[in-house]
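Read the structure below first, then the notes.
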Amino acid sequence: MHELSIAQNIIEIVRQNVPENELGDVRAVRMKVGTLAGVVAESLRFSFSVLVADSPLKDAYIQIEHIPFVIQCNTCRQSSSNDQGFAVCPTCGGSDTTVLTGTELQVFEIELDDLHTEAL
Amino acid sequence: MSIVTVQRRVLEKNDEIARCNRAFFAERGTFVINLVSSPGSGKTSILERTLEYFSGRINVAVIEGDVQTDLDAQRIARYRVPVVQIVTNGGCHLEAKLVEDAMANLDLHGVKLLVIENVGNLVCPSNYDLGEAMKIVVASTTEGDDKPLKYPGMFRHASVLIINKIDLLPYVSCDINMLKDNALKINPSLKVFRTSCTTKEGIDEWCGWLEQNLSKP
Ligand SMILES: Nc1nc2c(ncn2[C@@H]2O[C@H](COP(=O)(O)OP(=O)(O)OP(=O)(O)O)[C@@H](O)[C@H]2O)c(=O)[nH]1
Ligand SMILES: [Mg+2]
Ligand SMILES: [Zn+2]
């Protein structure tokens, strides 16, 4: 259940990027989560919702963009994707591969519903 | 609606502290390993055998991570090495900050090897760099041969796999070649050892290899 500690880190990142008096406007917190990031999306959303309840961020929620695990073979240059985290090239069997995507765990956008503030 | 673009890695704070830890260890010439496994695979037992091997050869220190107790630290204290206990109070893994804090209670001068025993858990510790030189994942024969497929993250981050409890092979249905092959599919550069902490088979091979790594600059 390290999702709780990950959710804490996400909240910290939101607080560092949104002024205190606008925290109530935060809606979607958009994340990129790789297949191999070791994070269970459901428990991350749940942990986040528990932590923000009764706080200025209570209307914020996590939106996840899943990033597939993709490797590139350094022998035959083919890229391929798998959900298991295999680092061996399925085309030539080579084990000298580079991970291109699928391990990310990052916040890339925060959406604010600030229409009412602009109307004032 | 307005959008704030952030592009921040969620665990960057941990990674930053881990970098500081790594520099701190390098300054003191201390080689650090982070032992990870499911609960009960034999991390403490391997550590005990490793302490026996290095006793009288080099100075070793230990950090014990545990959710609730200091039972493992008590076991290690018998070997008369400096040991610091980190109780995570329910936390399922160690973080770099906890290790940094533990340094206040550990004098690393003259310590060639620092072993960090992580909390027994094959999922959570894999995300957290502590500043170690390498992660060592322990999988025991009683857990079956599919562990690497179920927990690829941990096997991907490890440099070494120790297959422990090989003395129990006659009694369990675990194909250790399959276990090894599964692990190598996830991480082809894994170095694999087979050990038994009861018969001590394989312990010298593991410790000998570790000893060679210590003397590398
Ligand atoms: N037969 C056999 N038993 C072992 C071996 N290694 C460890 N054990 C036993 O397995 C049990 C768990 O070992 P520990 O060393 O405490 O395992 P651990 O990974 O440190 O456990 P946690 O810290 O609780 O996660 C103990 O009863 C050990 O005696 C082995 O090689 N063979
Ligand atoms: Mg233990
Ligand atoms: Zn290839």
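Labels used: A, B, ... for chains in the order of the structure tokens, numbers from 1 for residues in each chain, and numbers from 1 for ligands as shown.
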
- prompt: Could you pull out all residues of range 65-209 of chain B with a DSSP call of strand (DSSP E) and give them as a ChimeraX atom specification?
  reply: /B:65-66,83-87,111-117,134-140,160-164,191-194

query: DSSP on the backbone: what in chain B comes out helix (DSSP H, G or I), as an MDAnalysis selection string?
result: chainID B and resid 12:28 43:54 71:77 96:105 124:127 141:143 147:150 152:157 166:171 176:186 203:215

Residues within 10 Å of Phe25 in chain B, only C-alpha atoms, excluding chain neighbours under 6 positions, as an MDAnalysis selection string: chainID B and resid 19 31:32 108:109 111:114 131:133

Write out the residues from the selection above, keeping C-alpha atoms, as a PDB file, in the first residue's frame.
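Listed below is the output, selection.pdb:
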```
ATOM      1  CA  ARG B  19      21.333  10.842  -4.458  1.00  0.00           C
ATOM      2  CA  PHE B  31      29.339  -0.176  -0.302  1.00  0.00           C
ATOM      3  CA  VAL B  32      25.596  -0.370   0.348  1.00  0.00           C
ATOM      4  CA  LEU B 108      30.305   4.653   8.892  1.00  0.00           C
ATOM      5  CA  HIS B 109      34.009   5.395   9.280  1.00  0.00           C
ATOM      6  CA  VAL B 111      32.653   0.435   7.475  1.00  0.00           C
ATOM      7  CA  LYS B 112      33.185  -1.246   4.106  1.00  0.00           C
ATOM      8  CA  LEU B 113      29.729  -2.768   3.754  1.00  0.00           C
ATOM      9  CA  LEU B 114      26.342  -1.475   4.870  1.00  0.00           C
ATOM     10  CA  GLY B 131      21.027   5.401  -2.292  1.00  0.00           C
ATOM     11  CA  GLU B 132      22.248   1.799  -2.378  1.00  0.00           C
ATOM     12  CA  ALA B 133      24.804   0.470  -4.849  1.00  0.00           C
TER      13      ALA B 133
END
```

Would you mind listing, as a CSV table (one decimal) with all heavy atoms, in the first residue's frame, all residues of chain B that have at least one atom within 9 Å of chain A, where only C-alpha atoms are what counts?
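Contents of out.csv, as written:
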```csv
chain,number,residue,atom,x,y,z
B,1,MET,N,-12.2,26.7,-17.3
B,1,MET,CA,-11.1,25.8,-17.0
B,1,MET,C,-9.7,26.3,-17.4
B,1,MET,O,-9.6,26.9,-18.4
B,1,MET,CB,-11.3,24.5,-17.7
B,1,MET,CG,-12.5,23.7,-17.2
B,1,MET,SD,-12.3,22.9,-15.7
B,1,MET,CE,-13.9,22.3,-15.3
B,2,SER,N,-8.8,26.1,-16.5
B,2,SER,CA,-7.4,26.4,-17.0
B,2,SER,C,-6.5,25.3,-16.6
B,2,SER,O,-6.8,24.5,-15.7
B,2,SER,CB,-6.9,27.7,-16.4
B,2,SER,OG,-6.8,27.6,-15.0
B,3,ILE,N,-5.4,25.2,-17.3
B,3,ILE,CA,-4.5,24.0,-17.1
B,3,ILE,C,-3.1,24.5,-16.6
B,3,ILE,O,-2.6,25.4,-17.2
B,3,ILE,CB,-4.3,23.3,-18.4
B,3,ILE,CG1,-5.7,22.8,-19.0
B,3,ILE,CG2,-3.4,22.1,-18.3
B,3,ILE,CD1,-6.3,21.6,-18.4
B,4,VAL,N,-2.6,23.9,-15.6
B,4,VAL,CA,-1.3,24.1,-15.2
B,4,VAL,C,-0.4,23.0,-15.6
B,4,VAL,O,-0.7,21.8,-15.3
B,4,VAL,CB,-1.2,24.3,-13.6
B,4,VAL,CG1,0.3,24.6,-13.2
B,4,VAL,CG2,-2.1,25.3,-13.1
B,5,THR,N,0.6,23.2,-16.4
B,5,THR,CA,1.5,22.1,-16.9
B,5,THR,C,2.6,21.9,-15.8
B,5,THR,O,3.2,22.9,-15.4
B,5,THR,CB,2.1,22.5,-18.2
B,5,THR,OG1,1.0,22.8,-19.1
B,5,THR,CG2,2.9,21.3,-18.8
B,6,VAL,N,2.8,20.7,-15.4
B,6,VAL,CA,3.8,20.5,-14.3
B,6,VAL,C,5.0,19.6,-14.7
B,6,VAL,O,6.1,20.0,-14.5
B,6,VAL,CB,3.1,19.9,-13.0
B,6,VAL,CG1,3.0,21.0,-12.0
B,6,VAL,CG2,1.8,19.3,-13.3
B,7,GLN,N,4.7,18.4,-15.3
B,7,GLN,CA,5.8,17.5,-15.6
B,7,GLN,C,6.8,17.2,-14.5
B,7,GLN,O,7.9,17.6,-14.5
B,7,GLN,CB,6.7,18.1,-16.8
B,7,GLN,CG,5.9,18.5,-18.0
B,7,GLN,CD,5.6,17.3,-18.9
B,7,GLN,OE1,5.8,16.1,-18.4
B,7,GLN,NE2,5.2,17.5,-20.1
B,8,ARG,N,6.2,16.7,-13.4
B,8,ARG,CA,7.1,16.3,-12.3
B,8,ARG,C,7.0,14.8,-12.0
B,8,ARG,O,5.9,14.3,-11.9
B,8,ARG,CB,6.6,17.1,-11.0
B,8,ARG,CG,6.8,18.6,-11.2
B,8,ARG,CD,8.0,19.1,-10.5
B,8,ARG,NE,8.1,18.7,-9.1
B,8,ARG,CZ,7.7,19.5,-8.1
B,8,ARG,NH1,7.2,20.7,-8.3
B,8,ARG,NH2,7.9,19.1,-6.9
B,9,ARG,N,8.1,14.2,-11.7
B,9,ARG,CA,8.1,12.8,-11.3
B,9,ARG,C,7.7,12.8,-9.9
B,9,ARG,O,8.2,13.5,-9.0
B,9,ARG,CB,9.5,12.2,-11.5
B,9,ARG,CG,9.8,11.9,-13.0
B,9,ARG,CD,11.2,11.2,-13.1
B,9,ARG,NE,12.2,11.9,-12.3
B,9,ARG,CZ,12.7,11.4,-11.2
B,9,ARG,NH1,12.4,10.2,-10.8
B,9,ARG,NH2,13.7,12.0,-10.6
B,10,VAL,N,6.8,11.9,-9.6
B,10,VAL,CA,6.1,11.9,-8.3
B,10,VAL,C,7.2,11.6,-7.2
B,10,VAL,O,7.1,12.2,-6.1
B,10,VAL,CB,5.0,10.8,-8.2
B,10,VAL,CG1,4.5,10.6,-6.8
B,10,VAL,CG2,3.9,11.2,-9.2
B,11,LEU,N,8.1,10.7,-7.5
B,11,LEU,CA,9.1,10.3,-6.4
B,11,LEU,C,10.4,11.1,-6.5
B,11,LEU,O,11.4,10.7,-6.0
B,11,LEU,CB,9.3,8.8,-6.5
B,11,LEU,CG,8.1,8.0,-6.1
B,11,LEU,CD1,8.3,6.5,-6.2
B,11,LEU,CD2,7.6,8.4,-4.7
B,13,LYS,N,11.4,13.7,-5.0
B,13,LYS,CA,12.0,14.1,-3.7
B,13,LYS,C,12.8,13.0,-3.1
B,13,LYS,O,13.9,13.1,-2.6
B,13,LYS,CB,10.8,14.6,-2.8
B,13,LYS,CG,11.3,15.5,-1.7
B,13,LYS,CD,10.2,16.0,-0.8
B,13,LYS,CE,10.0,15.1,0.3
B,13,LYS,NZ,8.8,15.4,1.1
B,91,GLY,N,4.3,1.4,7.7
B,91,GLY,CA,4.7,1.7,6.3
B,91,GLY,C,5.3,0.4,5.7
B,91,GLY,O,6.0,-0.4,6.3
B,92,CYS,N,5.0,0.2,4.4
B,92,CYS,CA,5.3,-1.1,3.8
B,92,CYS,C,6.7,-1.1,3.1
B,92,CYS,O,7.0,-2.0,2.4
B,92,CYS,CB,4.2,-1.4,2.7
B,92,CYS,SG,3.9,0.0,1.6
B,93,HIS,N,7.5,0.0,3.2
B,93,HIS,CA,8.8,0.0,2.6
B,93,HIS,C,9.6,1.1,3.2
B,93,HIS,O,9.1,1.9,4.0
B,93,HIS,CB,8.6,0.5,1.1
B,93,HIS,CG,7.9,1.8,1.0
B,93,HIS,ND1,6.5,1.9,1.0
B,93,HIS,CD2,8.4,3.1,1.0
B,93,HIS,CE1,6.2,3.2,0.9
B,93,HIS,NE2,7.3,3.9,0.9
B,123,VAL,N,6.5,-5.6,-3.6
B,123,VAL,CA,5.9,-4.5,-4.5
B,123,VAL,C,6.5,-3.2,-4.1
B,123,VAL,O,7.2,-2.6,-5.0
B,123,VAL,CB,4.4,-4.5,-4.3
B,123,VAL,CG1,3.8,-3.4,-5.3
B,123,VAL,CG2,3.8,-5.8,-4.6
B,124,CYS,N,6.2,-2.7,-3.0
B,124,CYS,CA,6.5,-1.3,-2.6
B,124,CYS,C,7.9,-0.9,-2.7
B,124,CYS,O,8.3,0.2,-3.2
B,124,CYS,CB,5.8,-0.9,-1.3
B,124,CYS,SG,4.1,-1.5,-1.3
B,125,PRO,N,8.8,-1.6,-2.1
B,125,PRO,CA,10.2,-1.2,-2.0
B,125,PRO,C,10.9,-0.9,-3.3
B,125,PRO,O,11.8,-0.2,-3.5
B,125,PRO,CB,11.0,-2.3,-1.2
B,125,PRO,CG,9.9,-3.0,-0.4
B,125,PRO,CD,8.7,-2.9,-1.3
B,126,SER,N,10.3,-1.5,-4.4
B,126,SER,CA,11.0,-1.4,-5.7
B,126,SER,C,11.0,0.0,-6.2
B,126,SER,O,11.9,0.4,-7.0
B,126,SER,CB,10.3,-2.4,-6.7
B,126,SER,OG,9.1,-1.8,-7.2
B,127,ASN,N,10.0,0.8,-5.8
B,127,ASN,CA,10.0,2.2,-6.3
B,127,ASN,C,10.9,3.2,-5.6
B,127,ASN,O,11.2,4.2,-6.1
B,127,ASN,CB,8.6,2.8,-6.1
B,127,ASN,CG,7.6,2.2,-7.1
B,127,ASN,OD1,7.5,1.0,-7.3
B,127,ASN,ND2,6.8,3.1,-7.8
B,149,LEU,N,7.4,-13.1,-12.5
B,149,LEU,CA,6.3,-12.7,-13.4
B,149,LEU,C,5.3,-11.9,-12.7
B,149,LEU,O,4.7,-11.0,-13.3
B,149,LEU,CB,5.7,-14.0,-14.0
B,149,LEU,CG,6.7,-14.9,-14.8
B,149,LEU,CD1,5.9,-16.1,-15.3
B,149,LEU,CD2,7.4,-14.2,-15.8
B,150,LYS,N,5.1,-12.2,-11.4
B,150,LYS,CA,4.1,-11.5,-10.6
B,150,LYS,C,4.6,-10.2,-10.2
B,150,LYS,O,3.8,-9.2,-9.9
B,150,LYS,CB,3.6,-12.3,-9.4
B,150,LYS,CG,2.8,-13.5,-9.8
B,150,LYS,CD,2.3,-14.3,-8.6
B,150,LYS,CE,1.4,-15.4,-8.9
B,150,LYS,NZ,1.2,-16.3,-7.8
B,151,TYR,N,5.9,-10.1,-9.9
B,151,TYR,CA,6.5,-8.8,-9.4
B,151,TYR,C,7.6,-8.3,-10.2
B,151,TYR,O,8.7,-8.2,-9.7
B,151,TYR,CB,6.9,-9.1,-7.9
B,151,TYR,CG,5.8,-9.6,-7.0
B,151,TYR,CD1,5.7,-10.9,-6.7
B,151,TYR,CD2,4.8,-8.7,-6.5
B,151,TYR,CE1,4.7,-11.4,-5.9
B,151,TYR,CE2,3.8,-9.2,-5.7
B,151,TYR,CZ,3.7,-10.6,-5.4
B,151,TYR,OH,2.7,-11.0,-4.7
B,152,PRO,N,7.3,-8.1,-11.5
B,152,PRO,CA,8.4,-7.7,-12.4
B,152,PRO,C,9.2,-6.5,-11.9
B,152,PRO,O,10.4,-6.4,-12.1
B,152,PRO,CB,7.7,-7.5,-13.7
B,152,PRO,CG,6.3,-7.2,-13.4
B,152,PRO,CD,6.0,-8.0,-12.2
B,153,GLY,N,8.5,-5.5,-11.3
B,153,GLY,CA,9.2,-4.3,-10.9
B,153,GLY,C,10.4,-4.5,-10.0
B,153,GLY,O,11.5,-4.0,-10.3
B,154,MET,N,10.2,-5.4,-9.1
B,154,MET,CA,11.3,-5.7,-8.1
B,154,MET,C,12.5,-6.4,-8.8
B,154,MET,O,13.6,-6.0,-8.6
B,154,MET,CB,10.8,-6.6,-7.0
B,154,MET,CG,11.8,-6.7,-5.9
B,154,MET,SD,12.2,-5.1,-5.2
B,154,MET,CE,10.9,-5.0,-4.0
B,156,ARG,N,13.2,-6.2,-12.0
B,156,ARG,CA,13.8,-5.2,-12.9
B,156,ARG,C,14.8,-4.3,-12.2
B,156,ARG,O,15.8,-3.9,-12.8
B,156,ARG,CB,12.7,-4.4,-13.6
B,156,ARG,CG,13.0,-3.9,-15.0
B,156,ARG,CD,11.8,-3.3,-15.6
B,156,ARG,NE,11.3,-2.2,-14.9
B,156,ARG,CZ,11.9,-1.0,-14.9
B,156,ARG,NH1,13.0,-0.8,-15.7
B,156,ARG,NH2,11.5,0.0,-14.2
B,182,ASN,N,12.6,-17.1,-15.7
B,182,ASN,CA,11.6,-16.1,-15.6
B,182,ASN,C,12.2,-14.7,-15.1
B,182,ASN,O,11.9,-13.7,-15.6
B,182,ASN,CB,10.5,-16.5,-14.5
B,182,ASN,CG,9.5,-17.5,-15.1
B,182,ASN,OD1,9.4,-17.6,-16.3
B,182,ASN,ND2,8.9,-18.3,-14.2
B,184,LEU,N,15.3,-13.8,-15.6
B,184,LEU,CA,16.1,-13.3,-16.6
B,184,LEU,C,15.4,-12.7,-17.8
B,184,LEU,O,15.9,-11.8,-18.5
B,184,LEU,CB,17.1,-14.4,-17.2
B,184,LEU,CG,18.2,-14.8,-16.2
B,184,LEU,CD1,19.0,-15.9,-16.7
B,184,LEU,CD2,19.1,-13.6,-15.7
B,185,LYS,N,14.1,-13.1,-18.0
B,185,LYS,CA,13.3,-12.5,-19.0
B,185,LYS,C,13.0,-11.0,-18.6
B,185,LYS,O,12.9,-10.2,-19.4
B,185,LYS,CB,11.9,-13.2,-19.1
B,185,LYS,CG,11.9,-14.4,-20.0
B,185,LYS,CD,10.5,-15.0,-20.1
B,185,LYS,CE,10.6,-16.5,-20.3
B,185,LYS,NZ,9.3,-17.1,-20.0
B,186,ILE,N,12.8,-10.8,-17.3
B,186,ILE,CA,12.5,-9.5,-16.8
B,186,ILE,C,13.8,-8.7,-16.8
B,186,ILE,O,13.8,-7.5,-17.1
B,186,ILE,CB,11.9,-9.5,-15.4
B,186,ILE,CG1,10.7,-10.4,-15.3
B,186,ILE,CG2,11.7,-8.2,-14.8
B,186,ILE,CD1,9.5,-9.9,-16.0
B,187,ASN,N,14.9,-9.3,-16.4
B,187,ASN,CA,16.1,-8.6,-16.2
B,187,ASN,C,17.3,-9.5,-16.6
B,187,ASN,O,17.8,-10.2,-15.8
B,187,ASN,CB,16.3,-8.1,-14.8
B,187,ASN,CG,17.5,-7.3,-14.5
B,187,ASN,OD1,18.4,-7.2,-15.4
B,187,ASN,ND2,17.6,-6.8,-13.3
B,188,PRO,N,17.7,-9.4,-17.9
B,188,PRO,CA,18.7,-10.3,-18.4
B,188,PRO,C,20.1,-10.1,-17.8
B,188,PRO,O,20.9,-11.0,-17.8
B,188,PRO,CB,18.8,-9.9,-19.9
B,188,PRO,CG,17.5,-9.2,-20.2
B,188,PRO,CD,17.1,-8.5,-18.9
B,189,SER,N,20.3,-9.0,-17.1
B,189,SER,CA,21.6,-8.8,-16.5
B,189,SER,C,21.7,-9.2,-15.0
B,189,SER,O,22.7,-9.0,-14.4
B,189,SER,CB,22.1,-7.4,-16.7
B,189,SER,OG,21.2,-6.5,-16.1
```

field: Long-range neighbours of range 58-68 of chain B as a ChimeraX atom specification, 6 Å cut-off, only C-alpha atoms, 2 positions minimum in chain
entry: /B:54,73,81-90,111-119

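Taking only C-alpha atoms and all ligand atoms into account, ligand 3 lies nearest to A:Gln72 out of the set A:Gln72, A:Asn82, A:Gln63, A:Ser49.
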
message: Using only C-alpha atoms and all ligand atoms, which residues of the polymer chains come no farther than 6 Å from ligand 3? I'd like the answer as a PyMOL selection string.
response: chain A and resi 73+75-76+78+89+91-94

For the residues in that selection, give me N, CA and C atoms as a short mmCIF file (atom, residue, chain, number, x, y, z; two decimals), in the first residue's frame.
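selection-v2.cif, written as the output of this step:
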```cif
data_model
loop_
_atom_site.label_atom_id
_atom_site.label_comp_id
_atom_site.auth_asym_id
_atom_site.auth_seq_id
_atom_site.Cartn_x
_atom_site.Cartn_y
_atom_site.Cartn_z
N CYS A 73 15.14 -3.10 -29.11
CA CYS A 73 16.27 -4.02 -29.16
C CYS A 73 17.49 -3.32 -29.72
N THR A 75 20.05 -4.88 -30.79
CA THR A 75 20.65 -5.74 -31.80
C THR A 75 19.93 -5.58 -33.13
N CYS A 76 18.58 -5.83 -33.13
CA CYS A 76 17.86 -5.76 -34.41
C CYS A 76 17.06 -4.46 -34.57
N GLN A 78 14.36 -3.43 -33.45
CA GLN A 78 12.89 -3.48 -33.40
C GLN A 78 12.40 -2.98 -32.04
N CYS A 89 14.05 -9.25 -26.42
CA CYS A 89 13.45 -8.92 -27.71
C CYS A 89 12.69 -10.13 -28.27
N THR A 91 11.62 -10.49 -31.24
CA THR A 91 11.95 -10.72 -32.64
C THR A 91 13.22 -11.57 -32.79
N CYS A 92 14.29 -11.16 -32.13
CA CYS A 92 15.56 -11.87 -32.33
C CYS A 92 16.03 -12.58 -31.07
N GLY A 93 15.31 -12.40 -29.97
CA GLY A 93 15.71 -13.06 -28.73
C GLY A 93 16.85 -12.35 -28.01
N GLY A 94 17.26 -11.23 -28.55
CA GLY A 94 18.37 -10.48 -27.93
C GLY A 94 18.00 -9.94 -26.55
#
```

message: Using only C-alpha atoms and all ligand atoms, which residues of the polymer chains come no farther than 7 Å from ligand 1? I'd like the answer as a ChimeraX atom specification.
response: /B:37-46,72,119-120,164-168,195-198

query: CA of Glu143 in chain B and CA of Leu71 in chain B, how far apart in Å?
result: 22.7 Å

statement: In Å and to one decimal, CA of Ile176 in chain B is distant from CA of Thr142 in chain B by 10.6 Å

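Minimum atom-to-atom distance to Ile136 in chain B, evaluated using only C-alpha atoms, belongs to B:Lys191 out of B:Lys216, B:Arg49, B:Lys97, B:Lys191.
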
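CA of Ser140 in chain B is found 13.0 Å from CA of Ala183 in chain B.
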
field: Shell of 9 Å around Phe193 in chain B, only C-alpha atoms, local chain residues under 5 positions omitted, as a VMD selection string
entry: chain B and resid 160 to 164 202 to 203 205 to 206

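The closest residue to Asp54 in chain A, picked from A:Gly34, A:Pro90, A:Gly24, A:Pro68 and counting only C-alpha atoms, is A:Gly24.
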
Counting only C-alpha atoms, the residue of B:Pro170, B:Gly56, B:Pro148, B:Gly208 that sits nearest Leu122 in chain B: B:Pro148

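All residues of protein, DNA or RNA that reach within 10 Å of Glu16 in chain B, judged by only C-alpha atoms and not counting those fewer than 4 positions away in the chain, are Leu11, Glu12, Cys20, Asn21, Arg22, Ala96, Lys97, Asp129, Leu130 and Gly131 of chain B.
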
statement: Residue with the minimum atom-to-atom distance to ligand 2, picked from B:Leu210, B:Val138, B:Val99, B:Ala26 with only C-alpha atoms and all ligand atoms counted, is B:Val138
